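With mmCIF, C-alpha atoms inside, this is upload-v9.cif:
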data_input
#
loop_
_atom_site.label_atom_id
_atom_site.label_comp_id
_atom_site.auth_asym_id
_atom_site.auth_seq_id
_atom_site.Cartn_x
_atom_site.Cartn_y
_atom_site.Cartn_z
CA MET D 1 -24.08 40.04 24.35
CA ARG D 2 -22.45 43.07 25.91
CA ALA D 3 -25.71 44.98 25.75
CA ALA D 4 -27.54 42.08 27.39
CA CYS D 5 -24.98 42.02 30.24
CA GLU D 6 -25.36 45.78 30.58
CA ARG D 7 -29.15 45.47 30.83
CA PHE D 8 -28.85 42.55 33.22
CA LEU D 9 -26.61 44.43 35.66
CA PHE D 10 -27.55 48.05 35.16
CA ALA D 11 -31.17 48.35 34.00
CA PRO D 12 -32.64 51.24 36.05
CA ALA D 13 -34.30 50.13 39.28
CA SER D 14 -35.95 52.00 42.12
CA PRO D 15 -33.77 52.50 45.20
CA VAL D 16 -36.55 51.19 47.45
CA GLY D 17 -36.08 47.50 46.55
CA LEU D 18 -32.38 47.65 47.34
CA GLY D 19 -33.11 49.59 50.54
CA ILE D 20 -35.60 47.00 51.79
CA THR D 21 -33.15 44.20 50.96
CA ARG D 22 -30.43 46.04 52.87
CA ALA D 23 -32.62 46.40 55.95
CA LEU D 24 -33.62 42.72 55.91
CA LEU D 25 -30.12 41.45 55.18
CA TYR D 26 -28.33 43.41 57.92
CA GLY D 27 -31.16 42.90 60.40
CA GLY D 28 -31.08 39.16 59.68
CA LEU D 29 -27.31 38.96 60.11
CA LEU D 30 -27.62 40.84 63.39
CA GLY D 31 -30.12 38.24 64.60
CA LEU D 32 -28.09 35.28 63.34
CA PHE D 33 -24.70 36.28 64.73
CA ALA D 34 -25.55 38.35 67.83
CA ARG D 35 -24.80 35.43 70.14
CA THR D 36 -21.89 33.88 68.24
CA ASP D 37 -18.86 33.60 70.51
CA PHE D 38 -16.01 34.55 68.17
CA ALA D 39 -13.89 35.62 71.14
CA ALA D 40 -13.58 32.02 72.37
CA TYR D 41 -11.22 31.29 69.45
CA ALA D 42 -8.57 33.35 71.24
CA GLY D 43 -8.11 30.45 73.64
CA VAL D 44 -8.06 27.61 71.10
CA SER D 45 -4.76 25.94 70.23
CA GLU D 46 -3.19 26.70 66.85
CA VAL D 47 -3.06 22.94 66.29
CA PHE D 48 -6.75 23.05 65.30
CA ARG D 49 -6.19 25.58 62.52
CA CYS D 50 -6.60 24.34 58.97
CA THR D 51 -4.52 24.88 55.86
CA MET D 52 -5.45 28.10 54.07
CA TRP D 53 -3.69 30.40 51.62
CA PHE D 54 -3.51 32.88 54.47
CA ARG D 55 -4.46 32.36 58.10
CA PRO D 56 -5.27 35.63 59.84
CA PRO D 57 -3.71 36.10 63.27
CA VAL D 58 -6.16 35.55 66.12
CA ALA D 59 -6.45 38.74 68.17
CA PRO D 60 -6.53 38.62 71.98
CA GLU D 61 -9.91 37.79 73.52
CA ALA D 62 -10.72 41.38 74.58
CA TRP D 63 -10.07 42.61 71.03
CA LEU D 64 -12.28 39.91 69.54
CA VAL D 65 -15.07 40.83 71.98
CA ALA D 66 -14.72 44.48 70.96
CA ALA D 67 -14.61 43.64 67.23
CA HIS D 68 -17.77 41.55 67.58
CA ARG D 69 -19.62 44.31 69.46
CA VAL D 70 -18.60 47.01 66.98
CA TRP D 71 -19.62 44.68 64.13
CA LEU D 72 -23.07 44.19 65.68
CA VAL D 73 -23.49 47.94 66.06
CA ALA D 74 -22.44 48.43 62.43
CA LEU D 75 -24.95 45.78 61.31
CA GLY D 76 -27.68 47.53 63.31
CA LEU D 77 -26.83 50.94 61.83
CA ALA D 78 -26.74 49.48 58.32
CA CYS D 79 -30.11 47.83 58.97
CA VAL D 80 -31.87 51.06 59.92
CA GLY D 81 -29.80 53.00 57.41
CA ILE D 82 -28.02 55.60 59.46
CA PHE D 83 -24.46 56.49 58.42
CA SER D 84 -25.19 53.72 55.93
CA ARG D 85 -22.00 53.80 53.88
CA LEU D 86 -19.71 53.80 56.90
CA ALA D 87 -21.83 51.14 58.62
CA MET D 88 -21.81 48.87 55.57
CA ALA D 89 -18.04 49.31 55.09
CA LEU D 90 -17.40 48.51 58.76
CA SER D 91 -19.77 45.52 58.60
CA PHE D 92 -17.74 44.15 55.69
CA VAL D 93 -14.28 44.67 57.20
CA LEU D 94 -15.08 43.35 60.68
CA GLY D 95 -17.36 40.58 59.39
CA THR D 96 -14.62 39.38 57.04
CA TYR D 97 -12.09 39.20 59.88
CA LEU D 98 -14.45 37.42 62.31
CA PHE D 99 -15.64 34.90 59.70
CA TRP D 100 -12.06 34.33 58.57
CA ILE D 101 -11.03 33.48 62.12
CA ASP D 102 -14.04 31.15 62.48
CA GLY D 103 -13.29 29.46 59.15
CA SER D 104 -9.59 28.96 59.87
CA PHE D 105 -10.20 26.37 62.60
CA GLY D 106 -10.77 22.75 61.58
CA ARG D 107 -12.39 23.43 58.24
CA VAL D 108 -13.92 26.23 56.22
CA HIS D 109 -17.41 27.14 57.35
CA HIS D 110 -19.34 27.25 54.09
CA ASN D 111 -22.35 28.97 55.62
CA GLU D 112 -20.33 32.16 56.04
CA LEU D 113 -18.65 32.49 52.64
CA PRO D 114 -21.51 34.00 50.60
CA VAL D 115 -22.17 36.50 53.40
CA ILE D 116 -18.64 37.88 53.13
CA LEU D 117 -19.06 38.41 49.40
CA ALA D 118 -22.51 39.94 49.87
CA LEU D 119 -21.22 42.31 52.56
CA GLY D 120 -18.43 43.33 50.17
CA VAL D 121 -20.94 44.06 47.41
CA PHE D 122 -23.22 46.06 49.71
CA ALA D 123 -20.25 48.01 51.12
CA ALA D 124 -19.61 49.29 47.60
CA SER D 125 -23.29 49.99 46.91
CA ARG D 126 -25.67 52.91 47.45
CA ALA D 127 -28.10 50.72 49.37
CA GLY D 128 -28.69 53.43 51.98
CA ASP D 129 -30.28 55.86 49.49
CA ALA D 130 -33.83 54.73 50.31
CA PHE D 131 -35.78 52.96 53.06
CA SER D 132 -33.28 54.39 55.55
CA LEU D 133 -32.95 57.07 58.20
CA ASP D 134 -30.29 58.66 56.01
CA ALA D 135 -32.89 59.09 53.25
CA LEU D 136 -35.41 60.57 55.69
CA ARG D 137 -32.80 63.03 56.91
CA ARG D 138 -31.83 64.06 53.39
CA ARG D 139 -35.45 64.19 52.17
CA ALA D 140 -34.03 63.28 48.76
CA ARG D 141 -35.84 60.91 46.39
CA PRO D 142 -33.24 59.38 44.07
CA GLU D 143 -34.32 58.50 40.55
CA PRO D 144 -34.29 54.88 39.38
CA SER D 145 -30.76 53.93 38.32
CA GLY D 146 -28.48 51.01 37.59
CA GLU D 147 -26.90 51.80 40.98
CA TYR D 148 -29.86 50.07 42.59
CA ARG D 149 -29.84 47.00 40.36
CA TRP D 150 -26.25 45.73 40.24
CA PRO D 151 -25.79 44.95 43.98
CA LEU D 152 -28.85 42.66 43.89
CA ARG D 153 -27.63 41.02 40.69
CA ALA D 154 -24.15 40.55 42.18
CA VAL D 155 -25.51 38.73 45.25
CA GLN D 156 -27.78 36.64 43.02
CA ILE D 157 -24.63 35.63 41.09
CA VAL D 158 -22.87 34.78 44.39
CA LEU D 159 -25.73 32.44 45.33
CA THR D 160 -25.91 30.94 41.85
CA LEU D 161 -22.19 30.14 41.81
CA ALA D 162 -22.33 28.61 45.31
CA PHE D 163 -25.20 26.28 44.38
CA PHE D 164 -23.62 25.45 41.03
CA ALA D 165 -20.31 24.61 42.73
CA ALA D 166 -22.11 22.29 45.16
CA GLY D 167 -23.81 20.49 42.27
CA ILE D 168 -20.55 20.15 40.32
CA ALA D 169 -18.75 18.84 43.45
CA LYS D 170 -21.30 16.05 43.80
CA LEU D 171 -20.87 15.01 40.18
CA ARG D 172 -17.08 15.34 40.38
CA HIS D 173 -16.67 13.21 43.51
CA GLY D 174 -19.54 10.81 43.11
CA GLY D 175 -20.74 11.07 39.52
CA LEU D 176 -24.17 9.66 38.85
CA ASP D 177 -23.52 7.20 41.71
CA TRP D 178 -24.36 10.11 44.00
CA ILE D 179 -27.95 9.74 42.79
CA THR D 180 -28.33 6.16 41.58
CA THR D 181 -26.70 4.22 44.44
CA ASP D 182 -27.64 4.02 48.11
CA ASN D 183 -25.36 7.00 48.75
CA LEU D 184 -27.88 9.43 50.27
CA ARG D 185 -29.49 6.73 52.40
CA VAL D 186 -26.06 5.70 53.74
CA GLN D 187 -25.14 9.34 54.40
CA LEU D 188 -28.36 9.72 56.39
CA LEU D 189 -27.62 6.60 58.45
CA GLU D 190 -24.03 7.71 59.06
CA ARG D 191 -25.29 10.85 60.80
CA SER D 192 -26.55 8.66 63.63
CA TYR D 193 -23.04 7.31 64.28
CA ALA D 194 -21.41 10.72 64.76
CA LEU D 195 -20.11 11.71 68.18
CA VAL D 196 -23.06 14.12 68.35
CA PRO D 197 -25.83 12.34 66.41
CA VAL D 198 -28.60 14.17 64.60
CA THR D 199 -32.20 13.60 65.61
CA GLY D 200 -33.99 10.43 64.49
CA ARG D 201 -35.61 12.12 61.47
CA ASN D 202 -32.69 11.01 59.31
CA LEU D 203 -33.49 7.37 60.13
CA LEU D 204 -37.14 7.81 59.13
CA LEU D 205 -36.14 9.18 55.73
CA ALA D 206 -33.48 6.49 55.25
CA ARG D 207 -36.21 3.84 55.50
CA VAL D 208 -37.63 4.92 52.12
CA PRO D 209 -34.86 4.30 49.51
CA LEU D 210 -36.96 5.53 46.58
CA LEU D 211 -37.50 8.85 48.34
CA CYS D 212 -33.74 9.08 48.99
CA HIS D 213 -32.99 8.59 45.27
CA THR D 214 -35.62 11.18 44.33
CA LEU D 215 -34.26 13.70 46.81
CA ALA D 216 -30.67 13.11 45.64
CA ALA D 217 -31.68 13.71 42.01
CA THR D 218 -33.75 16.78 42.94
CA THR D 219 -30.89 18.23 45.00
CA VAL D 220 -28.33 17.95 42.20
CA ALA D 221 -30.82 19.26 39.62
CA CYS D 222 -31.77 22.22 41.81
CA GLU D 223 -28.12 23.11 42.46
CA LEU D 224 -27.08 22.89 38.81
CA LEU D 225 -30.13 24.69 37.43
CA TYR D 226 -30.34 27.40 40.11
CA GLY D 227 -28.61 29.82 37.72
CA LEU D 228 -31.66 29.82 35.45
CA SER D 229 -33.25 32.05 38.08
CA LEU D 230 -30.96 34.82 36.86
CA VAL D 231 -32.61 34.92 33.46
CA SER D 232 -36.09 33.47 33.87
CA ALA D 233 -38.80 34.70 36.22
CA ARG D 234 -40.61 31.36 35.92
CA ALA D 235 -37.50 29.39 36.83
CA ARG D 236 -36.99 31.76 39.77
CA LEU D 237 -40.49 31.00 41.06
CA ILE D 238 -39.63 27.29 41.20
CA LEU D 239 -35.89 27.12 41.90
CA VAL D 240 -35.55 29.71 44.66
CA PRO D 241 -38.31 28.19 46.87
CA ALA D 242 -36.97 24.71 46.00
CA SER D 243 -33.51 25.74 47.21
CA LEU D 244 -35.00 27.00 50.47
CA VAL D 245 -36.79 23.67 50.99
CA MET D 246 -33.53 21.85 50.19
CA ILE D 247 -31.56 23.91 52.72
CA GLN D 248 -34.23 23.28 55.34
CA GLY D 249 -34.04 19.57 54.48
CA PHE D 250 -30.27 19.57 55.10
CA ALA D 251 -30.88 21.12 58.52
CA VAL D 252 -33.63 18.67 59.49
CA PHE D 253 -32.07 15.44 58.20
CA PHE D 254 -28.32 16.12 58.24
CA GLY D 255 -27.78 18.80 60.88
CA PRO D 256 -25.87 21.70 59.26
CA ARG D 257 -27.91 24.88 58.99
CA PHE D 258 -27.12 27.01 55.96
CA THR D 259 -29.14 29.87 57.41
CA THR D 260 -27.23 32.60 55.61
CA PHE D 261 -28.18 31.11 52.23
CA MET D 262 -31.82 31.41 53.28
CA LEU D 263 -31.31 34.98 54.44
CA LEU D 264 -29.46 36.01 51.29
CA SER D 265 -32.36 34.70 49.22
CA VAL D 266 -34.15 38.00 49.98
CA VAL D 267 -32.22 39.39 47.00
CA TRP D 268 -34.65 37.49 44.76
CA VAL D 269 -37.77 39.21 46.09
CA PRO D 270 -38.98 41.92 43.66
CA TRP D 271 -39.84 44.46 46.37
CA ASP D 272 -40.50 47.22 43.81
CA ARG D 273 -43.18 45.18 42.08
CA LEU D 274 -44.73 44.02 45.35
CA LEU D 275 -44.97 47.60 46.60
CA ALA D 276 -46.44 48.73 43.28
CA LEU D 277 -49.06 45.95 43.45
CA ARG D 278 -49.88 46.90 47.03
CA SER D 279 -50.36 50.56 46.23
CA ARG D 280 -52.55 49.66 43.21
CA ALA D 281 -54.68 47.34 45.36
CA ARG D 282 -55.16 49.96 48.07
CA PRO D 283 -58.47 51.84 47.58
CA THR D 284 -58.07 55.55 46.95
CA SER D 285 -59.30 57.78 49.74
CA GLY D 286 -61.61 60.80 49.51
CA MET R 1 -24.44 56.22 37.27
CA THR R 2 -20.90 57.42 36.63
CA ARG R 3 -18.36 55.50 34.54
CA SER R 4 -16.11 54.89 37.54
CA ARG R 5 -19.00 53.46 39.56
CA ARG R 6 -19.96 51.24 36.64
CA LEU R 7 -16.34 50.06 36.37
CA LEU R 8 -16.24 49.30 40.10
CA ALA R 9 -19.45 47.25 39.86
CA ASN R 10 -18.15 45.35 36.83
CA LEU R 11 -14.85 44.61 38.57
CA LEU R 12 -16.63 43.33 41.68
CA VAL R 13 -18.89 41.02 39.68
CA LEU R 14 -15.93 39.82 37.60
CA GLY R 15 -13.95 39.17 40.78
CA VAL R 16 -16.78 37.06 42.21
CA VAL R 17 -17.10 35.06 39.00
CA ALA R 18 -13.33 34.59 38.57
CA GLY R 19 -12.76 33.57 42.20
CA SER R 20 -15.65 31.10 42.12
CA ALA R 21 -14.53 29.68 38.76
CA ALA R 22 -11.02 29.13 40.16
CA ALA R 23 -12.38 27.32 43.23
CA ILE R 24 -14.75 25.19 41.14
CA GLY R 25 -12.07 24.43 38.53
CA THR R 26 -9.33 23.47 40.98
CA GLY R 27 -11.63 21.88 43.56
CA HIS R 28 -9.65 23.72 46.27
CA GLU R 29 -10.83 26.05 49.01
CA LEU R 30 -9.68 29.55 48.00
CA TRP R 31 -11.26 31.43 50.90
CA PRO R 32 -13.72 33.19 50.57
CA PHE R 33 -14.36 31.17 47.40
CA SER R 34 -15.14 27.51 47.66
CA PRO R 35 -16.00 24.46 45.56
CA TYR R 36 -18.68 23.75 48.23
CA PRO R 37 -17.87 20.04 48.59
CA MET R 38 -20.35 19.40 51.44
CA PHE R 39 -21.96 15.95 51.23
CA SER R 40 -20.28 15.34 47.85
CA ARG R 41 -18.40 12.13 48.71
CA THR R 42 -20.26 8.95 47.83
CA HIS R 43 -20.91 6.63 50.74
CA ARG R 44 -21.58 2.99 50.08
CA GLY R 45 -21.58 1.38 53.51
CA PRO R 46 -22.02 -1.20 54.96
CA THR R 47 -19.64 0.18 57.61
CA VAL R 48 -18.83 3.70 58.72
CA GLU R 49 -15.78 5.09 60.51
CA ARG R 50 -15.95 8.08 62.86
CA LEU R 51 -13.67 9.69 65.43
CA TRP R 52 -15.10 9.84 68.93
CA VAL R 53 -13.67 11.74 71.88
CA TYR R 54 -14.28 10.27 75.33
CA GLY R 55 -13.87 11.99 78.66
CA VAL R 56 -12.32 9.98 81.49
CA LEU R 57 -14.15 10.33 84.82
CA PRO R 58 -12.23 10.36 88.14
CA ASP R 59 -13.31 6.73 88.76
CA GLY R 60 -11.79 5.67 85.43
CA ARG R 61 -15.04 5.26 83.47
CA GLU R 62 -15.30 6.79 79.98
CA VAL R 63 -18.17 8.86 78.59
CA PRO R 64 -18.47 10.15 75.02
CA LEU R 65 -18.21 13.93 74.65
CA SER R 66 -21.58 14.19 72.95
CA ASP R 67 -22.49 17.66 74.24
CA ARG R 68 -21.51 20.40 71.79
CA ARG R 69 -20.73 22.73 74.68
CA ALA R 70 -17.87 20.41 75.65
CA PHE R 71 -15.72 21.46 72.69
CA HIS R 72 -16.96 25.03 72.26
CA PRO R 73 -16.24 27.14 70.19
CA LEU R 74 -15.39 24.38 67.71
CA ARG R 75 -18.27 22.71 65.95
CA LEU R 76 -18.32 18.96 65.52
CA ALA R 77 -17.36 19.25 61.83
CA GLN R 78 -14.38 21.47 62.71
CA LEU R 79 -13.27 19.12 65.48
CA GLU R 80 -13.54 15.97 63.36
CA ALA R 81 -11.76 17.58 60.39
CA ALA R 82 -8.87 18.80 62.55
CA LEU R 83 -8.43 15.53 64.45
CA THR R 84 -8.59 13.54 61.20
CA ASN R 85 -5.83 15.59 59.59
CA LEU R 86 -3.49 15.69 62.61
CA GLY R 87 -0.69 13.24 63.36
CA PRO R 88 -0.27 11.50 66.78
CA ALA R 89 1.59 14.44 68.41
CA GLY R 90 -0.91 16.98 67.05
CA ARG R 91 -3.83 14.90 68.28
CA ARG R 92 -2.38 14.78 71.79
CA GLU R 93 -1.82 18.55 71.72
CA GLY R 94 -5.38 19.03 70.50
CA LEU R 95 -6.81 16.83 73.26
CA GLU R 96 -4.74 18.65 75.91
CA ASP R 97 -6.14 21.96 74.66
CA MET R 98 -9.70 20.61 74.66
CA LEU R 99 -9.36 19.22 78.18
CA SER R 100 -7.96 22.43 79.62
CA ARG R 101 -10.66 24.56 77.96
CA TYR R 102 -13.35 22.08 79.02
CA GLU R 103 -12.25 22.29 82.67
CA VAL R 104 -11.88 26.08 82.61
CA ARG R 105 -15.39 26.44 81.16
CA ARG R 106 -16.77 23.89 83.63
CA GLY R 107 -15.17 25.83 86.52
CA ALA R 108 -16.76 29.03 85.20
CA GLY R 109 -20.19 27.38 85.08
CA ARG R 110 -20.39 27.58 81.26
CA HIS R 111 -21.52 23.95 81.06
CA GLY R 112 -22.78 21.35 83.48
CA GLY R 113 -20.60 18.43 82.39
CA PRO R 114 -18.74 16.19 84.85
CA ARG R 115 -15.07 16.63 85.81
CA PHE R 116 -12.71 14.76 83.55
CA THR R 117 -9.24 13.54 84.43
CA GLY R 118 -8.35 12.85 80.82
CA LEU R 119 -9.55 12.65 77.24
CA ARG R 120 -9.21 9.77 74.77
CA LEU R 121 -9.62 9.81 71.01
CA TYR R 122 -10.88 6.63 69.37
CA ARG R 123 -11.37 5.54 65.79
CA MET R 124 -14.75 3.83 65.77
CA ALA R 125 -16.12 1.57 63.04
CA PHE R 126 -19.79 0.58 62.98
CA GLU R 127 -21.90 -1.64 60.81
CA LEU R 128 -24.73 0.56 59.54
CA GLU R 129 -28.13 -0.49 60.87
CA ASP R 130 -31.46 1.03 59.89
CA ASP R 131 -32.24 2.11 63.45
CA ALA R 132 -28.63 2.84 64.50
CA GLY R 133 -29.35 0.64 67.49
CA ASN R 134 -25.72 -0.53 67.58
CA ARG R 135 -24.28 2.95 68.30
CA ASP R 136 -22.85 1.59 71.55
CA ARG R 137 -21.51 -1.62 69.94
CA PRO R 138 -18.77 -0.64 67.46
CA LEU R 139 -17.03 -3.26 65.33
CA VAL R 140 -13.71 -1.52 65.96
CA ARG R 141 -12.68 0.80 68.78
CA GLU R 142 -9.05 1.81 68.35
CA LEU R 143 -7.33 4.22 70.73
CA LEU R 144 -5.54 6.91 68.69
CA ALA R 145 -4.48 9.39 71.37
CA GLU R 146 -4.85 9.96 75.08
CA VAL R 147 -4.10 12.77 77.50
CA ALA R 148 -4.37 12.93 81.28
CA GLY R 149 -5.03 16.05 83.29
CA GLU R 150 -5.05 16.48 87.05
CA THR R 151 -5.88 13.25 88.92
CA ARG R 152 -6.95 14.96 92.11
#

Kindly return the structure encoded in the file as structure tokens.
Amino acid sequence: MRAACERFLFAPASPVGLGITRALLYGGLLGLFARTDFAAYAGVSEVFRCTMWFRPPVAPEAWLVAAHRVWLVALGLACVGIFSRLAMALSFVLGTYLFWIDGSFGRVHHNELPVILALGVFAASRAGDAFSLDALRRRARPEPSGEYRWPLRAVQIVLTLAFFAAGIAKLRHGGLDWITTDNLRVQLLERSYALVPVTGRNLLLARVPLLCHTLAATTVACELLYGLSLVSARARLILVPASLVMIQGFAVFFGPRFTTFMLLSVVWVPWDRLLALRSRARPTSG
Amino acid sequence: MTRSRRLLANLLVLGVVAGSAAAIGTGHELWPFSPYPMFSRTHRGPTVERLWVYGVLPDGREVPLSDRRAFHPLRLAQLEAALTNLGPAGRREGLEDMLSRYEVRRGAGRHGGPRFTGLRLYRMAFELEDDAGNRDRPLVRELLAEVAGETR
């Protein structure tokens, strides 16, 4: 068992896969949060803050603006891989604070939670050793190592636990009724009675009860079984794309966009193998 | 890979697993760990209750605050959760804060909404219809809180 865990986390991997993932992850976060107005929380009344085990103090507006800008710069540097370790550490510290502020008003913002954990994992990793300007500068070619496997595994575990928790929550609060009753159809209809209603697509889907039941069952199954992707390549080929479709479905029919879950799914792409396939397919010159 | 690095990696992974297990087991938000309860409540209909915020125009008419920019930076889910959990005094304080920020942002050209002289929070109950055609005809419309700003 212990040996299997060891292999799972620390089997030698090339640094390139982790480097590509780093570039995509930080570049994606830069794109997703470049225009987020964290500074506006400085002017919001404390009455809107929710109960948390610790609520971080909200810094003055100018400080929040500065923290956001420095965070974006750190994300950019981590993306291209220059001063990678410092950039990833700074991305984690500032990102945690900004997301914590955002999540302490009204209710926790679930889209941001796995990002914080992923940024923490990458801050402790050697993800800048390849596919980075740092690597070009050093001209070093690190050997495959467990150093380049565990960060990807850790983020895969973060995603697995998040999906599993969502599946368990549905069974805990609704039981099988979540699937077998009109629950999903009613939830879709309810979206049209919100102060800011979602588009009419939810009403189209709600007109087909059988489809609603099927989607409810598929959602719970996908969330509970997502963890199989950790141990089975075949399961990964089905469950990871299915989860992406599910997240997109939530956005289209319910409104909330769990974009960071989609972005973090890059940790499942076997970049090493894809690059190896590409170089094998390329005709040799001369 | 050195032993200390391996220990660090193991501790991080264990921390993620332990934190998530605690959140899942207790069903409580333990930021940054969560039981991810989104959409988990079962809804049976045939009615639905929502909180709606209305802006009061200078001529006394009411319009729903259905533009997200009106309560920026809060998202609708944050706003609804906070207003649901607050008592009467808290709701009034929240509405006062929203109105002042709305007017400041309107004055700064951050949104093109009309001037409001007050805000009102209603509990709305609707009978669910397949086309939501009764959105403007609630079964219940109960005033929960009200604030007035400048009347000029």

List as a Markdown table every residue of chain R that is in contact with chain D, defined as an atom at most 7 Å from one of its atoms (using only C-alpha atoms), together with the nearest atom pair and the distance in Å rounded to one decimal, sorted by chain and then rising number.
| residue | atom | partner | partner_atom | distance |
| --- | --- | --- | --- | --- |
| R:Met1 | CA | D:Glu147 | CA | 6.3 |
| R:Ala9 | CA | D:Trp150 | CA | 7.0 |
| R:Val13 | CA | D:Ala154 | CA | 5.8 |
| R:Val16 | CA | D:Val158 | CA | 6.9 |
| R:Ser20 | CA | D:Leu161 | CA | 6.6 |
| R:Ile24 | CA | D:Ala165 | CA | 5.8 |
| R:Pro32 | CA | D:Leu113 | CA | 5.4 |
| R:Phe33 | CA | D:Leu113 | CA | 6.9 |
| R:Pro35 | CA | D:Ala165 | CA | 5.2 |
| R:Tyr36 | CA | D:Ala166 | CA | 4.8 |
| R:Pro37 | CA | D:Ala169 | CA | 5.4 |
| R:Ser40 | CA | D:Lys170 | CA | 4.2 |
| R:Arg41 | CA | D:His173 | CA | 5.6 |
| R:Thr42 | CA | D:Gly174 | CA | 5.1 |
| R:His43 | CA | D:Asn183 | CA | 4.9 |
| R:Arg44 | CA | D:Asn183 | CA | 5.7 |
| R:Gly45 | CA | D:Val186 | CA | 6.2 |
| R:Val48 | CA | D:Glu190 | CA | 6.6 |
| R:Arg50 | CA | D:Ala194 | CA | 6.4 |
| R:Trp52 | CA | D:Leu195 | CA | 5.4 |
| R:Ser66 | CA | D:Val196 | CA | 4.8 |
| R:Asp67 | CA | D:Val196 | CA | 6.9 |
| R:Pro73 | CA | D:Ala40 | CA | 6.0 |
| R:Gln78 | CA | D:Gly106 | CA | 4.0 |
| R:Leu79 | CA | D:Gly106 | CA | 5.9 |
| R:Ala81 | CA | D:Gly106 | CA | 5.4 |
| R:Ala82 | CA | D:Gly106 | CA | 4.5 |
| R:Gly90 | CA | D:Val47 | CA | 6.4 |
| R:Gly94 | CA | D:Val47 | CA | 6.2 |
| R:Asp97 | CA | D:Ser45 | CA | 6.1 |
| R:Leu128 | CA | D:Leu189 | CA | 6.8 |
| R:Asp130 | CA | D:Leu203 | CA | 6.7 |
| R:Asp131 | CA | D:Leu203 | CA | 6.3 |
| R:Ala132 | CA | D:Ser192 | CA | 6.2 |
| R:Arg135 | CA | D:Tyr193 | CA | 6.1 |

Handout entry: Straight-line distance linking CA of Ala130 (chain D) with CA of Arg273 (chain D), stated in Å to one decimal
Key =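 A separation of 15.7 Å between them.
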
Selection near region 75-92 of chain D, 12 Å with all atoms listed in the file, sequence-local residues under 4 positions removed, as a JSON list (two decimals) with C-alpha atoms, in the frame of the given file:
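What ended up in around_37.json:
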[["chain", "number", "residue", "atom", "x", "y", "z"],
["D", 18, "LEU", "CA", -32.38, 47.65, 47.34],
["D", 19, "GLY", "CA", -33.11, 49.59, 50.54],
["D", 20, "ILE", "CA", -35.60, 47.00, 51.79],
["D", 21, "THR", "CA", -33.15, 44.20, 50.96],
["D", 22, "ARG", "CA", -30.43, 46.04, 52.87],
["D", 23, "ALA", "CA", -32.62, 46.40, 55.95],
["D", 24, "LEU", "CA", -33.62, 42.72, 55.91],
["D", 25, "LEU", "CA", -30.12, 41.45, 55.18],
["D", 26, "TYR", "CA", -28.33, 43.41, 57.92],
["D", 27, "GLY", "CA", -31.16, 42.90, 60.40],
["D", 28, "GLY", "CA", -31.08, 39.16, 59.68],
["D", 29, "LEU", "CA", -27.31, 38.96, 60.11],
["D", 30, "LEU", "CA", -27.62, 40.84, 63.39],
["D", 31, "GLY", "CA", -30.12, 38.24, 64.60],
["D", 32, "LEU", "CA", -28.09, 35.28, 63.34],
["D", 33, "PHE", "CA", -24.70, 36.28, 64.73],
["D", 34, "ALA", "CA", -25.55, 38.35, 67.83],
["D", 67, "ALA", "CA", -14.61, 43.64, 67.23],
["D", 68, "HIS", "CA", -17.77, 41.55, 67.58],
["D", 69, "ARG", "CA", -19.62, 44.31, 69.46],
["D", 70, "VAL", "CA", -18.60, 47.01, 66.98],
["D", 71, "TRP", "CA", -19.62, 44.68, 64.13],
["D", 96, "THR", "CA", -14.62, 39.38, 57.04],
["D", 97, "TYR", "CA", -12.09, 39.20, 59.88],
["D", 98, "LEU", "CA", -14.45, 37.42, 62.31],
["D", 99, "PHE", "CA", -15.64, 34.90, 59.70],
["D", 100, "TRP", "CA", -12.06, 34.33, 58.57],
["D", 114, "PRO", "CA", -21.51, 34.00, 50.60],
["D", 115, "VAL", "CA", -22.17, 36.50, 53.40],
["D", 116, "ILE", "CA", -18.64, 37.88, 53.13],
["D", 117, "LEU", "CA", -19.06, 38.41, 49.40],
["D", 118, "ALA", "CA", -22.51, 39.94, 49.87],
["D", 119, "LEU", "CA", -21.22, 42.31, 52.56],
["D", 120, "GLY", "CA", -18.43, 43.33, 50.17],
["D", 121, "VAL", "CA", -20.94, 44.06, 47.41],
["D", 122, "PHE", "CA", -23.22, 46.06, 49.71],
["D", 123, "ALA", "CA", -20.25, 48.01, 51.12],
["D", 124, "ALA", "CA", -19.61, 49.29, 47.60],
["D", 125, "SER", "CA", -23.29, 49.99, 46.91],
["D", 126, "ARG", "CA", -25.67, 52.91, 47.45],
["D", 127, "ALA", "CA", -28.10, 50.72, 49.37],
["D", 128, "GLY", "CA", -28.69, 53.43, 51.98],
["D", 129, "ASP", "CA", -30.28, 55.86, 49.49],
["D", 130, "ALA", "CA", -33.83, 54.73, 50.31],
["D", 131, "PHE", "CA", -35.78, 52.96, 53.06],
["D", 132, "SER", "CA", -33.28, 54.39, 55.55],
["D", 133, "LEU", "CA", -32.95, 57.07, 58.20],
["D", 134, "ASP", "CA", -30.29, 58.66, 56.01],
["D", 135, "ALA", "CA", -32.89, 59.09, 53.25],
["D", 136, "LEU", "CA", -35.41, 60.57, 55.69],
["D", 137, "ARG", "CA", -32.80, 63.03, 56.91],
["D", 138, "ARG", "CA", -31.83, 64.06, 53.39]]

Exercise for the section: For Leu230 (chain D), work out the shell of residues within 9 Å, counting only C-alpha atoms and skipping chain neighbours fewer than 4 positions away, then give it as JSON, numbers by chain. Expected result: {"D": [8, 153, 156, 157, 160, 226, 235, 236]}

Problem - Minimum-distance residue to Pro57 (chain D), chosen among D:Val231, D:Ile101, D:Leu264, D:Leu274 (using all atoms listed in the file) - result: D:Ile101
